[in-house]
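Text of data_9.cif (mmCIF, C-alpha atoms) as supplied:
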data_data
#
loop_
_atom_site.group_PDB
_atom_site.id
_atom_site.type_symbol
_atom_site.label_atom_id
_atom_site.label_comp_id
_atom_site.auth_asym_id
_atom_site.auth_seq_id
_atom_site.Cartn_x
_atom_site.Cartn_y
_atom_site.Cartn_z
ATOM 1 C CA MET A 23 187.123 80.411 41.626
ATOM 2 C CA ALA A 24 187.306 76.647 41.160
ATOM 3 C CA ASN A 25 191.090 76.839 40.936
ATOM 4 C CA SER A 26 191.282 78.698 44.277
ATOM 5 C CA LEU A 27 189.001 76.163 45.924
ATOM 6 C CA ILE A 28 191.093 73.272 44.612
ATOM 7 C CA ALA A 29 194.202 74.924 46.042
ATOM 8 C CA ASN A 30 192.450 75.213 49.409
ATOM 9 C CA LEU A 31 191.679 71.491 49.397
ATOM 10 C CA SER A 32 195.274 70.642 50.206
ATOM 11 C CA THR A 33 195.397 73.102 53.119
ATOM 12 C CA ALA A 34 192.309 71.861 54.977
ATOM 13 C CA SER A 35 193.021 71.574 58.679
ATOM 14 C CA ALA A 36 193.311 68.117 60.194
ATOM 15 C CA SER A 37 190.635 68.648 62.858
ATOM 16 C CA SER A 38 187.850 69.454 60.427
ATOM 17 C CA ALA A 39 189.459 67.978 57.326
ATOM 18 C CA SER A 40 186.622 65.673 56.389
ATOM 19 C CA LEU A 41 183.847 68.257 56.598
ATOM 20 C CA GLN A 42 185.965 71.065 55.186
ATOM 21 C CA GLN A 43 187.196 68.959 52.274
ATOM 22 C CA LYS A 44 183.646 67.827 51.486
ATOM 23 C CA ALA A 45 182.469 71.451 51.485
ATOM 24 C CA LEU A 46 185.359 72.553 49.272
ATOM 25 C CA THR A 47 184.875 69.594 46.916
ATOM 26 C CA ASP A 48 181.167 70.335 46.569
ATOM 27 C CA ALA A 49 181.938 74.021 45.997
ATOM 28 C CA VAL A 50 184.378 73.161 43.192
ATOM 29 C CA VAL A 51 181.764 70.910 41.580
ATOM 30 C CA PHE A 52 179.174 73.680 41.879
ATOM 31 C CA HIS A 53 181.456 76.277 40.281
ATOM 32 C CA LEU A 54 182.497 73.931 37.472
ATOM 33 C CA ALA A 55 178.875 73.010 36.754
ATOM 34 C CA ILE A 56 177.881 76.683 36.625
ATOM 35 C CA ALA A 57 180.855 77.433 34.341
ATOM 36 C CA VAL A 58 179.734 74.643 31.995
ATOM 37 C CA HIS A 59 176.184 76.028 32.120
ATOM 38 C CA PHE A 60 177.306 79.500 31.054
ATOM 39 C CA TYR A 61 179.629 78.106 28.405
ATOM 40 C CA ILE A 62 176.637 76.277 26.907
ATOM 41 C CA ARG A 63 174.762 79.592 26.847
ATOM 42 C CA GLU A 64 177.768 81.245 25.208
ATOM 43 C CA LEU A 65 177.632 78.617 22.465
ATOM 44 C CA ALA A 66 173.896 79.263 22.092
ATOM 45 C CA GLU A 67 174.535 82.993 21.736
ATOM 46 C CA LEU A 68 177.173 82.341 19.060
ATOM 47 C CA GLN A 69 174.566 80.300 17.186
ATOM 48 C CA GLY A 70 172.186 83.291 17.242
ATOM 49 C CA ILE A 71 169.676 81.794 19.651
ATOM 50 C CA LYS A 72 167.585 84.597 21.134
ATOM 51 C CA ASN A 73 166.042 83.077 24.260
ATOM 52 C CA LEU A 74 169.207 82.123 26.156
ATOM 53 C CA SER A 75 167.352 81.687 29.440
ATOM 54 C CA SER A 76 165.652 78.589 28.007
ATOM 55 C CA ILE A 77 169.027 76.879 27.493
ATOM 56 C CA ASN A 78 169.953 75.018 30.677
ATOM 57 C CA SER A 79 171.787 71.973 29.357
ATOM 58 C CA VAL A 80 173.605 70.529 26.378
ATOM 59 C CA ASP A 81 170.462 68.597 25.511
ATOM 60 C CA ASP A 82 168.388 71.819 25.511
ATOM 61 C CA LEU A 83 170.850 73.456 23.142
ATOM 62 C CA SER A 84 170.961 70.389 20.897
ATOM 63 C CA ALA A 85 167.158 70.348 20.708
ATOM 64 C CA VAL A 86 166.938 74.051 19.815
ATOM 65 C CA LEU A 87 169.627 73.673 17.152
ATOM 66 C CA LYS A 88 167.789 70.680 15.726
ATOM 67 C CA GLN A 89 164.554 72.712 15.552
ATOM 68 C CA LEU A 90 166.440 75.451 13.694
ATOM 69 C CA ASP A 91 167.986 72.812 11.398
ATOM 70 C CA ARG A 92 171.501 73.790 12.466
ATOM 71 C CA SER A 93 174.431 71.822 13.757
ATOM 72 C CA SER A 94 177.455 72.706 15.837
ATOM 73 C CA SER A 95 180.604 70.651 16.247
ATOM 74 C CA GLU A 96 181.141 72.246 19.672
ATOM 75 C CA VAL A 97 177.712 71.182 20.899
ATOM 76 C CA SER A 98 178.172 67.716 19.391
ATOM 77 C CA GLU A 99 181.453 67.330 21.267
ATOM 78 C CA LEU A 100 179.834 68.412 24.533
ATOM 79 C CA ALA A 101 176.905 66.046 23.969
ATOM 80 C CA ASN A 102 179.318 63.206 23.273
ATOM 81 C CA LEU A 103 181.256 63.955 26.469
ATOM 82 C CA LEU A 104 178.051 64.221 28.466
ATOM 83 C CA HIS A 105 176.549 60.958 27.267
ATOM 84 C CA THR A 106 179.717 58.852 27.338
ATOM 85 C CA ALA A 107 180.190 57.106 30.663
ATOM 86 C CA ASP A 108 183.256 57.989 32.717
ATOM 87 C CA THR A 109 184.189 61.144 30.836
ATOM 88 C CA TRP A 110 184.968 64.201 32.922
ATOM 89 C CA LEU A 111 181.745 65.979 31.893
ATOM 90 C CA ASN A 112 179.592 62.923 32.526
ATOM 91 C CA GLN A 113 181.110 62.480 35.992
ATOM 92 C CA LEU A 114 180.787 66.186 36.792
ATOM 93 C CA VAL A 115 177.117 66.338 35.829
ATOM 94 C CA ARG A 116 176.278 63.106 37.663
ATOM 95 C CA TYR A 117 178.025 64.316 40.828
ATOM 96 C CA TYR A 118 176.370 67.744 40.569
ATOM 97 C CA LYS A 119 172.883 66.241 40.128
ATOM 98 C CA GLN A 120 173.454 63.893 43.053
ATOM 99 C CA LEU A 121 174.431 66.812 45.299
ATOM 100 C CA PHE A 122 171.040 68.419 44.811
ATOM 101 C CA HIS A 123 168.981 65.248 44.696
ATOM 102 C CA SER A 124 166.516 65.096 47.582
ATOM 103 C CA PRO A 125 166.430 61.805 49.436
ATOM 104 C CA GLU A 126 163.400 59.678 48.791
ATOM 105 C CA ARG A 127 160.746 59.554 51.467
ATOM 106 C CA PRO A 128 160.521 56.218 53.219
ATOM 107 C CA LYS A 129 157.472 54.226 52.219
ATOM 108 C CA GLU A 130 154.790 54.034 54.843
ATOM 109 C CA ARG A 131 153.897 50.582 56.054
ATOM 110 C CA LYS A 132 150.246 49.712 56.194
ATOM 111 C CA ALA A 133 148.854 48.787 59.555
ATOM 112 C CA PHE A 134 147.174 45.754 58.087
ATOM 113 C CA GLY A 135 149.329 43.103 56.470
ATOM 114 C CA LEU A 136 148.287 41.465 53.276
ATOM 115 C CA GLU A 137 147.910 37.792 53.987
ATOM 116 C CA ASN A 138 148.624 35.133 51.405
ATOM 117 C CA ARG A 139 150.315 37.628 49.127
ATOM 118 C CA ILE A 140 153.714 37.301 47.527
ATOM 119 C CA ASP A 141 155.808 40.468 47.561
ATOM 120 C CA VAL A 142 157.123 41.647 44.231
ATOM 121 C CA VAL A 143 160.837 42.264 44.208
ATOM 122 C CA GLU A 144 162.521 44.471 41.585
ATOM 123 C CA LEU A 145 165.375 42.553 40.018
ATOM 124 C CA THR A 146 166.549 45.139 37.541
ATOM 125 C CA GLU A 147 169.818 46.836 38.264
ATOM 126 C CA VAL A 148 169.448 50.246 39.854
ATOM 127 C CA GLU A 149 172.079 52.875 39.102
ATOM 128 C CA ASP A 150 174.381 53.393 42.051
ATOM 129 C CA ALA A 151 173.183 56.573 43.750
ATOM 130 C CA THR A 152 176.187 56.993 45.985
ATOM 131 C CA LEU A 153 178.692 59.685 45.246
ATOM 132 C CA PHE A 154 182.167 58.519 44.447
ATOM 133 C CA ASN A 155 185.036 59.914 46.465
ATOM 134 C CA LEU A 156 186.385 62.922 44.599
ATOM 135 C CA THR A 157 190.001 63.784 45.084
ATOM 136 C CA ARG A 158 191.889 66.977 44.442
ATOM 137 C CA GLU A 159 193.377 65.266 41.391
ATOM 138 C CA HIS A 160 189.903 64.477 39.958
ATOM 139 C CA LEU A 161 188.834 68.078 40.353
ATOM 140 C CA SER A 162 192.066 69.463 38.897
ATOM 141 C CA GLN A 163 191.729 67.113 35.941
ATOM 142 C CA TRP A 164 188.105 68.189 35.355
ATOM 143 C CA LEU A 165 189.123 71.853 35.470
ATOM 144 C CA ASP A 166 192.079 71.294 33.136
ATOM 145 C CA ASN A 167 189.923 69.309 30.699
ATOM 146 C CA PHE A 168 187.247 72.024 30.714
ATOM 147 C CA ARG A 169 189.797 74.781 30.142
ATOM 148 C CA ALA A 170 191.383 72.801 27.293
ATOM 149 C CA LEU A 171 187.979 72.192 25.714
ATOM 150 C CA ILE A 172 187.078 75.883 25.828
ATOM 151 C CA ALA A 173 190.462 76.994 24.488
ATOM 152 C CA ARG A 174 190.339 74.463 21.649
ATOM 153 C CA GLN A 175 186.740 75.257 20.697
ATOM 154 C CA ARG A 176 187.305 79.026 20.824
ATOM 155 C CA GLU A 177 190.451 78.699 18.717
ATOM 156 C CA ILE A 178 188.629 76.647 16.105
ATOM 157 C CA GLY A 179 185.696 79.068 16.210
ATOM 158 C CA ALA A 180 188.005 82.044 15.690
ATOM 159 C CA GLU A 181 189.403 80.444 12.543
ATOM 160 C CA TYR A 182 185.937 80.398 11.002
#
Show me, as structure tokens, the structure contained in the file I just sent.
Amino acid sequence: MANSLIANLSTASASSASLQQKALTDAVVFHLAIAVHFYIRELAELQGIKNLSSINSVDDLSAVLKQLDRSSSEVSELANLLHTADTWLNQLVRYYKQLFHSPERPKERKAFGLENRIDVVELTEVEDATLFNLTREHLSQWLDNFRALIARQREIGAEY
């Protein structure tokens, strides 16, 4: 499905290109994120984990494997990709989470001002919450990288 959506990105009409491309881009991200989710569950099933519905992320699977005193090179590779900045999986998950992140409610101002008070200002760096501009090339690269990862991991798994 993601491949079809990526192909449609290049054929978006000029009049509604911006909105249509955004919708298609978000749909590709959604489908890729769901594919990753089910691949993680597939890995959990291969490890003999019974309660697959409790596995919703790489970190969940890592935690369950740690409790069972098991390890998996496939899960380790996914965890490494997820937690390394600017990898395709890290970018995909960040973009996906941002899509479904509700905007924060504006803080209400009190009717009465606090006189003779100094406002506290947060000086720590806040992670940039804006979504980066995804292109068709980004999405194609993510899909290709995911397909290559699955093929490689399944091939290695079949050997054992």
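When the distance limit is 12 Å and all atoms listed in the file are what count, the residues near Leu90 (chain A), minus those fewer than 4 positions from it on the same chain, are Ala66, Gln69, Gly70, Ile71, Lys72, Leu83, Ser84, Ala85, Val86 and Ser94 of chain A.
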Specify as a compact mmCIF listing (two decimals) with C-alpha atoms, in the coordinates of the input each residue included when the PyMOL selection byres ((chain A and resi 75) around 12) is applied to this file.
# COMPACT_ATOMS: atom_id res chain seq x y z
CA HIS A 59 176.18 76.03 32.12
CA PHE A 60 177.31 79.50 31.05
CA ILE A 62 176.64 76.28 26.91
CA ARG A 63 174.76 79.59 26.85
CA GLU A 64 177.77 81.24 25.21
CA ALA A 66 173.90 79.26 22.09
CA GLU A 67 174.54 82.99 21.74
CA ILE A 71 169.68 81.79 19.65
CA LYS A 72 167.58 84.60 21.13
CA ASN A 73 166.04 83.08 24.26
CA LEU A 74 169.21 82.12 26.16
CA SER A 76 165.65 78.59 28.01
CA ILE A 77 169.03 76.88 27.49
CA ASN A 78 169.95 75.02 30.68
CA SER A 79 171.79 71.97 29.36
CA ASP A 82 168.39 71.82 25.51
CA LEU A 83 170.85 73.46 23.14
For Asp166 (chain A), find every residue with an atom within 12 Å (counting only C-alpha atoms), except residues of its own chain fewer than 3 positions away, and show them as a count of residues only. 16
Would you write out, as a PyMOL selection string, every residue that the PyMOL selection byres ((chain A and resi 53) around 12) captures in this file? chain A and resi 23-28+46-52+54-60+114-115+118+161+164-165+168
Coordinates-based distance that separates CA of Arg127 (chain A) from CA of Gln42 (chain A) (Å, one decimal):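 Those two atoms sit 28.0 Å apart.
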